[in-house]
$ cat input17.cif   # mmCIF, C-alpha atoms
data_query
#
loop_
_atom_site.group_PDB
_atom_site.id
_atom_site.type_symbol
_atom_site.label_atom_id
_atom_site.label_comp_id
_atom_site.auth_asym_id
_atom_site.auth_seq_id
_atom_site.Cartn_x
_atom_site.Cartn_y
_atom_site.Cartn_z
ATOM 1 C CA MET A 253 79.316 127.153 100.445
ATOM 2 C CA PHE A 254 82.242 128.990 101.993
ATOM 3 C CA SER A 255 82.241 132.073 99.837
ATOM 4 C CA ALA A 256 81.243 134.107 102.877
ATOM 5 C CA VAL A 257 84.010 132.808 105.158
ATOM 6 C CA ARG A 258 85.831 135.739 106.610
ATOM 7 C CA ARG A 259 89.505 135.559 105.713
ATOM 8 C CA LEU A 260 91.291 136.062 109.008
ATOM 9 C CA ALA A 261 94.884 135.975 107.822
ATOM 10 C CA THR A 262 96.943 138.962 108.803
ATOM 11 C CA VAL A 263 100.506 137.983 107.969
ATOM 12 C CA PRO A 264 102.721 140.565 109.665
ATOM 13 C CA ALA A 265 104.996 142.344 107.203
ATOM 14 C CA GLY A 266 108.513 140.961 107.343
ATOM 15 C CA ALA A 267 107.497 137.825 109.227
ATOM 16 C CA PRO A 268 106.564 135.207 106.655
ATOM 17 C CA TRP A 269 106.425 131.602 107.763
ATOM 18 C CA ALA A 270 105.236 128.331 106.369
ATOM 19 C CA LEU A 271 103.208 125.493 107.797
ATOM 20 C CA GLY A 272 104.857 122.100 107.418
ATOM 21 C CA LYS A 273 103.732 118.544 107.857
ATOM 22 C CA LEU A 274 101.847 116.830 110.652
ATOM 23 C CA ASN A 275 104.732 115.919 112.959
ATOM 24 C CA HIS A 276 102.733 113.617 115.233
ATOM 25 C CA VAL A 277 99.456 112.732 116.872
ATOM 26 C CA ALA A 278 99.938 112.206 120.581
ATOM 27 C CA VAL A 279 98.019 109.458 122.348
ATOM 28 C CA ALA A 280 98.170 109.293 126.124
ATOM 29 C CA VAL A 281 98.053 105.713 127.392
ATOM 30 C CA PRO A 282 97.900 104.037 130.785
ATOM 31 C CA SER A 283 100.420 101.375 129.777
ATOM 32 C CA LEU A 284 103.073 101.779 127.101
ATOM 33 C CA GLU A 285 103.654 98.069 127.268
ATOM 34 C CA LYS A 286 100.086 97.256 126.227
ATOM 35 C CA SER A 287 100.078 99.961 123.565
ATOM 36 C CA VAL A 288 103.324 98.719 122.096
ATOM 37 C CA ALA A 289 101.863 95.215 121.965
ATOM 38 C CA LEU A 290 98.927 96.620 119.977
ATOM 39 C CA TYR A 291 100.837 98.778 117.514
ATOM 40 C CA ARG A 292 103.919 96.618 117.057
ATOM 41 C CA ASP A 293 102.681 93.070 117.455
ATOM 42 C CA VAL A 294 99.087 93.227 116.252
ATOM 43 C CA LEU A 295 99.122 96.126 113.780
ATOM 44 C CA LYS A 296 102.720 95.425 112.727
ATOM 45 C CA ALA A 297 103.894 99.023 112.934
ATOM 46 C CA ASN A 298 107.503 100.108 113.164
ATOM 47 C CA VAL A 299 107.827 101.185 116.809
ATOM 48 C CA SER A 300 110.719 102.895 118.627
ATOM 49 C CA GLU A 301 112.212 101.951 121.953
ATOM 50 C CA PRO A 302 110.632 103.762 124.911
ATOM 51 C CA GLN A 303 112.418 106.931 125.970
ATOM 52 C CA ALA A 304 112.025 108.321 129.478
ATOM 53 C CA LEU A 305 111.957 112.130 129.541
ATOM 54 C CA PRO A 306 111.851 112.960 133.263
ATOM 55 C CA GLU A 307 112.141 116.703 132.618
ATOM 56 C CA HIS A 308 108.981 116.506 130.471
ATOM 57 C CA GLY A 309 107.101 114.159 132.768
ATOM 58 C CA VAL A 310 106.497 111.469 130.153
ATOM 59 C CA THR A 311 107.929 108.310 128.681
ATOM 60 C CA THR A 312 107.430 108.217 124.906
ATOM 61 C CA VAL A 313 107.266 105.605 122.190
ATOM 62 C CA PHE A 314 107.021 106.542 118.513
ATOM 63 C CA VAL A 315 104.873 104.577 116.093
ATOM 64 C CA ASN A 316 106.286 105.430 112.664
ATOM 65 C CA LEU A 317 103.560 105.732 110.034
ATOM 66 C CA GLY A 318 104.797 107.079 106.716
ATOM 67 C CA ASP A 319 105.807 110.702 106.931
ATOM 68 C CA THR A 320 104.316 111.153 110.395
ATOM 69 C CA LYS A 321 103.992 109.269 113.658
ATOM 70 C CA ILE A 322 101.813 108.473 116.598
ATOM 71 C CA GLU A 323 103.540 109.469 119.808
ATOM 72 C CA LEU A 324 102.465 107.290 122.722
ATOM 73 C CA LEU A 325 102.784 109.073 126.067
ATOM 74 C CA GLU A 326 102.843 107.499 129.509
ATOM 75 C CA GLU A 327 102.918 109.505 132.739
ATOM 76 C CA LEU A 328 106.331 109.751 134.371
ATOM 77 C CA GLY A 329 106.842 111.224 137.813
ATOM 78 C CA ASP A 330 104.345 113.165 139.885
ATOM 79 C CA LYS A 331 104.270 116.381 137.840
ATOM 80 C CA SER A 332 103.377 114.928 134.482
ATOM 81 C CA PRO A 333 101.628 117.320 132.056
ATOM 82 C CA ILE A 334 99.277 114.476 131.127
ATOM 83 C CA ALA A 335 98.244 113.675 134.730
ATOM 84 C CA LYS A 336 94.925 115.559 134.535
ATOM 85 C CA PHE A 337 94.140 114.056 131.150
ATOM 86 C CA MET A 338 94.745 110.533 132.472
ATOM 87 C CA GLU A 339 92.524 111.245 135.460
ATOM 88 C CA LYS A 340 89.690 112.178 133.094
ATOM 89 C CA ASN A 341 90.552 109.442 130.570
ATOM 90 C CA PRO A 342 91.865 106.467 132.517
ATOM 91 C CA SER A 343 91.794 104.251 129.393
ATOM 92 C CA GLY A 344 93.838 106.820 127.481
ATOM 93 C CA GLY A 345 92.929 108.842 124.419
ATOM 94 C CA MET A 346 94.057 111.276 121.763
ATOM 95 C CA HIS A 347 95.857 114.088 123.569
ATOM 96 C CA HIS A 348 97.107 116.561 120.936
ATOM 97 C CA ILE A 349 98.249 117.028 117.346
ATOM 98 C CA CYS A 350 101.537 118.646 116.402
ATOM 99 C CA MET A 351 102.141 120.541 113.184
ATOM 100 C CA GLU A 352 105.485 121.885 112.022
ATOM 101 C CA VAL A 353 106.120 125.564 111.320
ATOM 102 C CA SER A 354 109.181 127.162 109.796
ATOM 103 C CA ASP A 355 109.267 130.099 112.232
ATOM 104 C CA ILE A 356 107.534 129.651 115.552
ATOM 105 C CA LYS A 357 107.665 133.284 116.653
ATOM 106 C CA ALA A 358 106.104 134.479 113.409
ATOM 107 C CA ALA A 359 103.473 131.748 113.606
ATOM 108 C CA MET A 360 102.674 132.707 117.224
ATOM 109 C CA GLN A 361 102.304 136.340 116.242
ATOM 110 C CA GLN A 362 99.847 135.452 113.506
ATOM 111 C CA VAL A 363 97.909 133.167 115.796
ATOM 112 C CA LYS A 364 97.670 135.858 118.474
ATOM 113 C CA ASP A 365 96.696 138.500 115.910
ATOM 114 C CA ASN A 366 93.723 136.285 115.137
ATOM 115 C CA GLY A 367 92.573 135.963 118.735
ATOM 116 C CA ILE A 368 93.853 132.437 119.306
ATOM 117 C CA ARG A 369 95.444 131.995 122.710
ATOM 118 C CA THR A 370 98.746 130.217 123.303
ATOM 119 C CA LEU A 371 99.235 128.320 126.569
ATOM 120 C CA THR A 372 102.579 130.046 127.215
ATOM 121 C CA PRO A 373 103.602 133.568 126.190
ATOM 122 C CA GLU A 374 106.892 132.297 124.730
ATOM 123 C CA PRO A 375 107.904 129.069 122.995
ATOM 124 C CA LYS A 376 109.422 126.356 125.178
ATOM 125 C CA ILE A 377 111.916 123.668 124.297
ATOM 126 C CA GLY A 378 109.766 120.593 123.758
ATOM 127 C CA ALA A 379 110.387 116.907 124.247
ATOM 128 C CA HIS A 380 112.225 116.715 120.898
ATOM 129 C CA GLY A 381 114.620 119.554 121.742
ATOM 130 C CA LYS A 382 112.891 122.042 119.460
ATOM 131 C CA PRO A 383 110.895 125.200 120.219
ATOM 132 C CA VAL A 384 107.210 124.423 120.652
ATOM 133 C CA VAL A 385 104.048 126.188 121.704
ATOM 134 C CA PHE A 386 100.565 124.889 122.445
ATOM 135 C CA LEU A 387 97.401 126.631 121.262
ATOM 136 C CA HIS A 388 94.351 126.764 123.506
ATOM 137 C CA PRO A 389 91.982 123.899 122.655
ATOM 138 C CA LYS A 390 88.966 126.179 123.152
ATOM 139 C CA ASP A 391 90.214 128.276 120.245
ATOM 140 C CA CYS A 392 90.951 125.223 118.061
ATOM 141 C CA ASN A 393 87.716 123.195 117.853
ATOM 142 C CA GLY A 394 88.373 121.406 121.133
ATOM 143 C CA VAL A 395 91.774 120.174 119.937
ATOM 144 C CA LEU A 396 95.034 120.824 121.766
ATOM 145 C CA VAL A 397 97.333 121.945 118.930
ATOM 146 C CA GLU A 398 101.121 122.011 119.247
ATOM 147 C CA LEU A 399 103.269 123.982 116.834
ATOM 148 C CA GLU A 400 106.891 122.863 116.570
ATOM 149 C CA GLU A 401 109.634 124.752 114.770
ATOM 150 C CA GLU A 402 111.461 122.584 112.261
ATOM 151 C CA MET B 296 112.438 97.913 129.544
ATOM 152 C CA PHE B 297 110.143 95.969 127.216
ATOM 153 C CA SER B 298 111.988 92.713 127.073
ATOM 154 C CA ALA B 299 109.085 91.064 128.845
ATOM 155 C CA VAL B 300 106.397 92.336 126.465
ATOM 156 C CA ARG B 301 104.398 89.395 125.263
ATOM 157 C CA ARG B 302 104.499 89.210 121.467
ATOM 158 C CA LEU B 303 100.873 88.904 120.445
ATOM 159 C CA ALA B 304 101.274 88.581 116.699
ATOM 160 C CA THR B 305 99.613 85.585 115.163
ATOM 161 C CA VAL B 306 99.766 86.199 111.417
ATOM 162 C CA PRO B 307 97.416 83.676 109.821
ATOM 163 C CA ALA B 308 99.184 81.473 107.310
ATOM 164 C CA GLY B 309 98.467 82.585 103.750
ATOM 165 C CA ALA B 310 97.098 85.957 104.792
ATOM 166 C CA PRO B 311 100.009 88.368 104.982
ATOM 167 C CA TRP B 312 99.246 92.058 105.025
ATOM 168 C CA ALA B 313 101.098 95.272 105.596
ATOM 169 C CA LEU B 314 100.346 98.376 107.596
ATOM 170 C CA GLY B 315 100.638 101.580 105.601
ATOM 171 C CA LYS B 316 100.704 105.246 106.448
ATOM 172 C CA LEU B 317 98.505 107.350 108.688
ATOM 173 C CA ASN B 318 95.731 108.240 106.258
ATOM 174 C CA HIS B 319 94.105 110.894 108.448
ATOM 175 C CA VAL B 320 93.265 112.177 111.886
ATOM 176 C CA ALA B 321 89.581 113.013 112.115
ATOM 177 C CA VAL B 322 88.474 116.051 114.088
ATOM 178 C CA ALA B 323 84.760 116.557 114.692
ATOM 179 C CA VAL B 324 83.832 120.232 114.727
ATOM 180 C CA PRO B 325 80.671 122.217 115.402
ATOM 181 C CA SER B 326 81.347 124.587 112.493
ATOM 182 C CA LEU B 327 83.368 123.730 109.409
ATOM 183 C CA GLU B 328 83.345 127.388 108.518
ATOM 184 C CA LYS B 329 85.182 128.371 111.712
ATOM 185 C CA SER B 330 87.578 125.438 111.435
ATOM 186 C CA VAL B 331 88.416 126.287 107.867
ATOM 187 C CA ALA B 332 89.115 129.859 108.929
ATOM 188 C CA LEU B 333 91.559 128.513 111.527
ATOM 189 C CA TYR B 334 93.391 125.984 109.369
ATOM 190 C CA ARG B 335 93.359 127.853 106.060
ATOM 191 C CA ASP B 336 93.491 131.495 107.023
ATOM 192 C CA VAL B 337 95.412 131.508 110.293
ATOM 193 C CA LEU B 338 97.597 128.397 110.030
ATOM 194 C CA LYS B 339 97.923 128.728 106.244
ATOM 195 C CA ALA B 340 97.205 125.077 105.483
ATOM 196 C CA ASN B 341 96.136 123.738 102.109
ATOM 197 C CA VAL B 342 92.439 122.992 102.641
ATOM 198 C CA SER B 343 89.941 121.250 100.342
ATOM 199 C CA GLU B 344 86.452 122.389 99.471
ATOM 200 C CA PRO B 345 83.772 120.984 101.786
ATOM 201 C CA GLN B 346 82.121 117.813 100.555
ATOM 202 C CA ALA B 347 78.688 116.774 101.758
ATOM 203 C CA LEU B 348 78.354 113.005 102.207
ATOM 204 C CA PRO B 349 74.686 112.534 103.132
ATOM 205 C CA GLU B 350 74.968 108.738 103.070
ATOM 206 C CA HIS B 351 77.743 108.972 105.692
ATOM 207 C CA GLY B 352 76.066 111.675 107.766
ATOM 208 C CA VAL B 353 78.940 114.142 107.590
ATOM 209 C CA THR B 354 80.317 117.033 105.611
ATOM 210 C CA THR B 355 84.111 116.811 105.318
ATOM 211 C CA VAL B 356 86.989 119.164 104.681
ATOM 212 C CA PHE B 357 90.555 117.901 104.268
ATOM 213 C CA VAL B 358 93.505 119.791 105.686
ATOM 214 C CA ASN B 359 96.494 118.513 103.698
ATOM 215 C CA LEU B 360 99.596 118.178 105.853
ATOM 216 C CA GLY B 361 102.470 116.441 104.106
ATOM 217 C CA ASP B 362 101.766 112.790 103.496
ATOM 218 C CA THR B 363 98.669 112.775 105.694
ATOM 219 C CA LYS B 364 95.705 114.961 106.487
ATOM 220 C CA ILE B 365 93.358 116.202 109.132
ATOM 221 C CA GLU B 366 89.787 115.380 108.197
ATOM 222 C CA LEU B 367 87.347 117.893 109.629
ATOM 223 C CA LEU B 368 83.878 116.413 110.155
ATOM 224 C CA GLU B 369 80.632 118.292 110.649
ATOM 225 C CA GLU B 370 77.320 116.602 111.415
ATOM 226 C CA LEU B 371 74.992 116.248 108.432
ATOM 227 C CA GLY B 372 71.419 115.059 108.760
ATOM 228 C CA ASP B 373 69.782 113.508 111.792
ATOM 229 C CA LYS B 374 71.547 110.142 111.761
ATOM 230 C CA SER B 375 75.121 111.342 111.827
ATOM 231 C CA PRO B 376 77.665 108.884 113.262
ATOM 232 C CA ILE B 377 79.270 111.803 115.108
ATOM 233 C CA ALA B 378 76.042 113.004 116.761
ATOM 234 C CA LYS B 379 76.779 111.374 120.130
ATOM 235 C CA PHE B 380 80.353 112.598 120.074
ATOM 236 C CA MET B 381 79.212 116.177 119.420
ATOM 237 C CA GLU B 382 76.701 115.924 122.249
ATOM 238 C CA LYS B 383 79.528 115.000 124.622
ATOM 239 C CA ASN B 384 82.022 117.398 123.035
ATOM 240 C CA PRO B 385 80.076 120.439 121.849
ATOM 241 C CA SER B 386 83.287 122.357 121.098
ATOM 242 C CA GLY B 387 84.545 119.473 118.945
ATOM 243 C CA GLY B 388 87.569 117.248 119.417
ATOM 244 C CA MET B 389 89.733 114.499 118.014
ATOM 245 C CA HIS B 390 87.389 111.736 116.873
ATOM 246 C CA HIS B 391 89.501 108.944 115.363
ATOM 247 C CA ILE B 392 92.717 108.058 113.569
ATOM 248 C CA CYS B 393 92.832 106.105 110.319
ATOM 249 C CA MET B 394 95.703 103.873 109.256
ATOM 250 C CA GLU B 395 96.030 102.186 105.888
ATOM 251 C CA VAL B 396 96.305 98.425 105.473
ATOM 252 C CA SER B 397 97.025 96.450 102.326
ATOM 253 C CA ASP B 398 94.409 93.754 103.012
ATOM 254 C CA ILE B 399 91.571 94.649 105.326
ATOM 255 C CA LYS B 400 90.200 91.132 105.754
ATOM 256 C CA ALA B 401 93.589 89.741 106.737
ATOM 257 C CA ALA B 402 94.157 92.675 109.084
ATOM 258 C CA MET B 403 90.726 92.136 110.679
ATOM 259 C CA GLN B 404 91.491 88.470 111.182
ATOM 260 C CA GLN B 405 94.732 89.275 112.947
ATOM 261 C CA VAL B 406 93.081 91.917 115.088
ATOM 262 C CA LYS B 407 90.315 89.498 116.108
ATOM 263 C CA ASP B 408 92.811 86.720 116.785
ATOM 264 C CA ASN B 409 94.357 89.065 119.328
ATOM 265 C CA GLY B 410 91.118 89.820 121.143
ATOM 266 C CA ILE B 411 90.566 93.273 119.677
ATOM 267 C CA ARG B 412 86.949 93.906 118.786
ATOM 268 C CA THR B 413 85.808 95.477 115.509
ATOM 269 C CA LEU B 414 82.671 97.634 115.508
ATOM 270 C CA THR B 415 81.223 95.719 112.554
ATOM 271 C CA PRO B 416 81.728 92.055 111.669
ATOM 272 C CA GLU B 417 82.562 92.929 108.049
ATOM 273 C CA PRO B 418 84.288 95.899 106.411
ATOM 274 C CA LYS B 419 82.036 98.673 105.111
ATOM 275 C CA ILE B 420 82.591 101.069 102.259
ATOM 276 C CA GLY B 421 83.791 104.228 103.958
ATOM 277 C CA ALA B 422 83.469 107.891 103.120
ATOM 278 C CA HIS B 423 86.354 107.647 100.617
ATOM 279 C CA GLY B 424 84.821 104.712 98.726
ATOM 280 C CA LYS B 425 87.227 102.152 100.183
ATOM 281 C CA PRO B 426 86.660 99.244 102.582
ATOM 282 C CA VAL B 427 87.069 100.337 106.182
ATOM 283 C CA VAL B 428 86.563 98.925 109.643
ATOM 284 C CA PHE B 429 86.669 100.543 113.064
ATOM 285 C CA LEU B 430 88.359 98.955 116.079
ATOM 286 C CA HIS B 431 86.798 99.257 119.501
ATOM 287 C CA PRO B 432 88.343 102.196 121.384
ATOM 288 C CA LYS B 433 88.301 100.219 124.632
ATOM 289 C CA ASP B 434 90.725 97.765 123.025
ATOM 290 C CA CYS B 435 92.937 100.545 121.585
ATOM 291 C CA ASN B 436 93.971 102.771 124.512
ATOM 292 C CA GLY B 437 90.769 104.817 124.359
ATOM 293 C CA VAL B 438 91.317 105.667 120.693
ATOM 294 C CA LEU B 439 88.804 104.936 117.944
ATOM 295 C CA VAL B 440 91.005 103.388 115.233
ATOM 296 C CA GLU B 441 89.895 103.064 111.623
ATOM 297 C CA LEU B 442 91.647 100.716 109.210
ATOM 298 C CA GLU B 443 91.248 101.534 105.525
ATOM 299 C CA GLU B 444 92.274 99.275 102.669
ATOM 300 C CA GLU B 445 94.513 101.056 100.168
#
$ encode --input "input17.cif" --output "structure tokens"
Amino acid sequence: MFSAVRRLATVPAGAPWALGKLNHVAVAVPSLEKSVALYRDVLKANVSEPQALPEHGVTTVFVNLGDTKIELLEELGDKSPIAKFMEKNPSGGMHHICMEVSDIKAAMQQVKDNGIRTLTPEPKIGAHGKPVVFLHPKDCNGVLVELEEE
Amino acid sequence: MFSAVRRLATVPAGAPWALGKLNHVAVAVPSLEKSVALYRDVLKANVSEPQALPEHGVTTVFVNLGDTKIELLEELGDKSPIAKFMEKNPSGGMHHICMEVSDIKAAMQQVKDNGIRTLTPEPKIGAHGKPVVFLHPKDCNGVLVELEEE
């Protein structure tokens, strides 16, 4: 069925990199308190304490699920990166997925070589203190994809 | 910060159950071929062959990411459960998350006891041949949540 799929890979010489695990699925929520009640008390998940990250405009809670996690995000401050999303989705919703890469610059180069836009020209230091970059959802099947260097 | 969160858990006597890992994140896509090119060829993920599931109205491809996976879904036939979603999101998007539970009936009971609606009164056999149930997104922070018995 996929014998005719065009292979797009163009690994640049000298810049090998590897894709790692799914680091998290981010869910933006109107109330961390209600979400924590759902995941911790009803679904019995192992849930972290909330962490306010004013410089990233969110408060986060991690729902630990095996080798990966759901990251619950609540708006913090008046310049939150999830403000527009919450306006469109007042009940909340799935916001992005984050996959690990071994070398973010090499991964970005490969992504760009294949016509996939990044939201920033350079990696930024993300909420977990590691270099991250977001790929344009229009180039990723409507999904906001974060790559994080691990 | 959450000291005042009301603990909702009401585990029914004699029906203990455990939450397991994140089984998958489902992404509905207009073209599996293009998505496979992205995940396999650009992002270098390990990707399964497409599998047509006419009785479930989808063709699926699994992107294996550590202990979990992204499940790419393409509409199949004219009664696909993702038809409405694709109408609203023609570019695709994150469709649901699936978490494993050890005992789906006990989990459903607990969920119902806490006022969270299920989309069907009984579990159904899902696309992977296991009992599944979906929770109402309005009761789960805007997220369609699937529970799968493992």
$ residues_around --input "input17.cif" --residues "stretch 420-427 of chain B" --least-positions-apart "3" --cutoff "8 Å" --atoms "all atoms listed in the file" --output "ChimeraX atom specification"
/B:348,351,399,441-445
$ atom_distance --input "input17.cif" --atom1 "atom CA of B:Leu414" --atom2 "atom CA of B:Leu430"
5.9 Å
$ interface_residues --input "input17.cif" --of "chain A" --to "chain B" --cutoff "6 Å" --atoms "only C-alpha atoms" --output "mmCIF file with C-alpha atoms, in the coordinates of the input"
data_model
loop_
_atom_site.group_PDB
_atom_site.id
_atom_site.type_symbol
_atom_site.label_atom_id
_atom_site.label_comp_id
_atom_site.auth_asym_id
_atom_site.auth_seq_id
_atom_site.Cartn_x
_atom_site.Cartn_y
_atom_site.Cartn_z
ATOM 1 C CA ARG A 259 89.505 135.559 105.713
ATOM 2 C CA LEU A 260 91.291 136.062 109.008
ATOM 3 C CA ALA A 261 94.884 135.975 107.822
ATOM 4 C CA LYS A 273 103.732 118.544 107.857
ATOM 5 C CA LEU A 274 101.847 116.830 110.652
ATOM 6 C CA VAL A 281 98.053 105.713 127.392
ATOM 7 C CA ASP A 293 102.681 93.070 117.455
ATOM 8 C CA VAL A 294 99.087 93.227 116.252
ATOM 9 C CA LEU A 317 103.560 105.732 110.034
ATOM 10 C CA GLY A 318 104.797 107.079 106.716
ATOM 11 C CA ASP A 319 105.807 110.702 106.931
ATOM 12 C CA SER A 343 91.794 104.251 129.393
ATOM 13 C CA GLY A 344 93.838 106.820 127.481
ATOM 14 C CA GLY A 345 92.929 108.842 124.419
ATOM 15 C CA ASN A 393 87.716 123.195 117.853
ATOM 16 C CA GLY A 394 88.373 121.406 121.133
ATOM 17 C CA VAL A 395 91.774 120.174 119.937
#
$ resolve_selection --input "input17.cif" --expression "the PyMOL selection byres ((chain A and resi 312) around 7)" --output "JSON, numbers by chain"
{"A": [302, 303, 304, 310, 311, 313, 314, 323, 324, 325, 326]}
$ atom_distance --input "input17.cif" --atom1 "atom CA of B:Ala401" --atom2 "atom CA of A:Val299"
20.9 Å
$ atom_distance --input "input17.cif" --atom1 "atom CA of A:Thr372" --atom2 "atom CA of A:Val385"
6.9 Å
$ resolve_selection --input "input17.cif" --expression "the PyMOL selection byres ((chain A and resi 330-332) around 9)" --output "count of residues only"
12
$ axis_aligned_box --input "input17.cif" --around "stretch 286-298 of chain A" --padding-each-side "3 Å" --output "JSON"
{"center_x": 103.2, "center_y": 96.6, "center_z": 119.5, "size_x": 14.6, "size_y": 13.0, "size_z": 19.5}
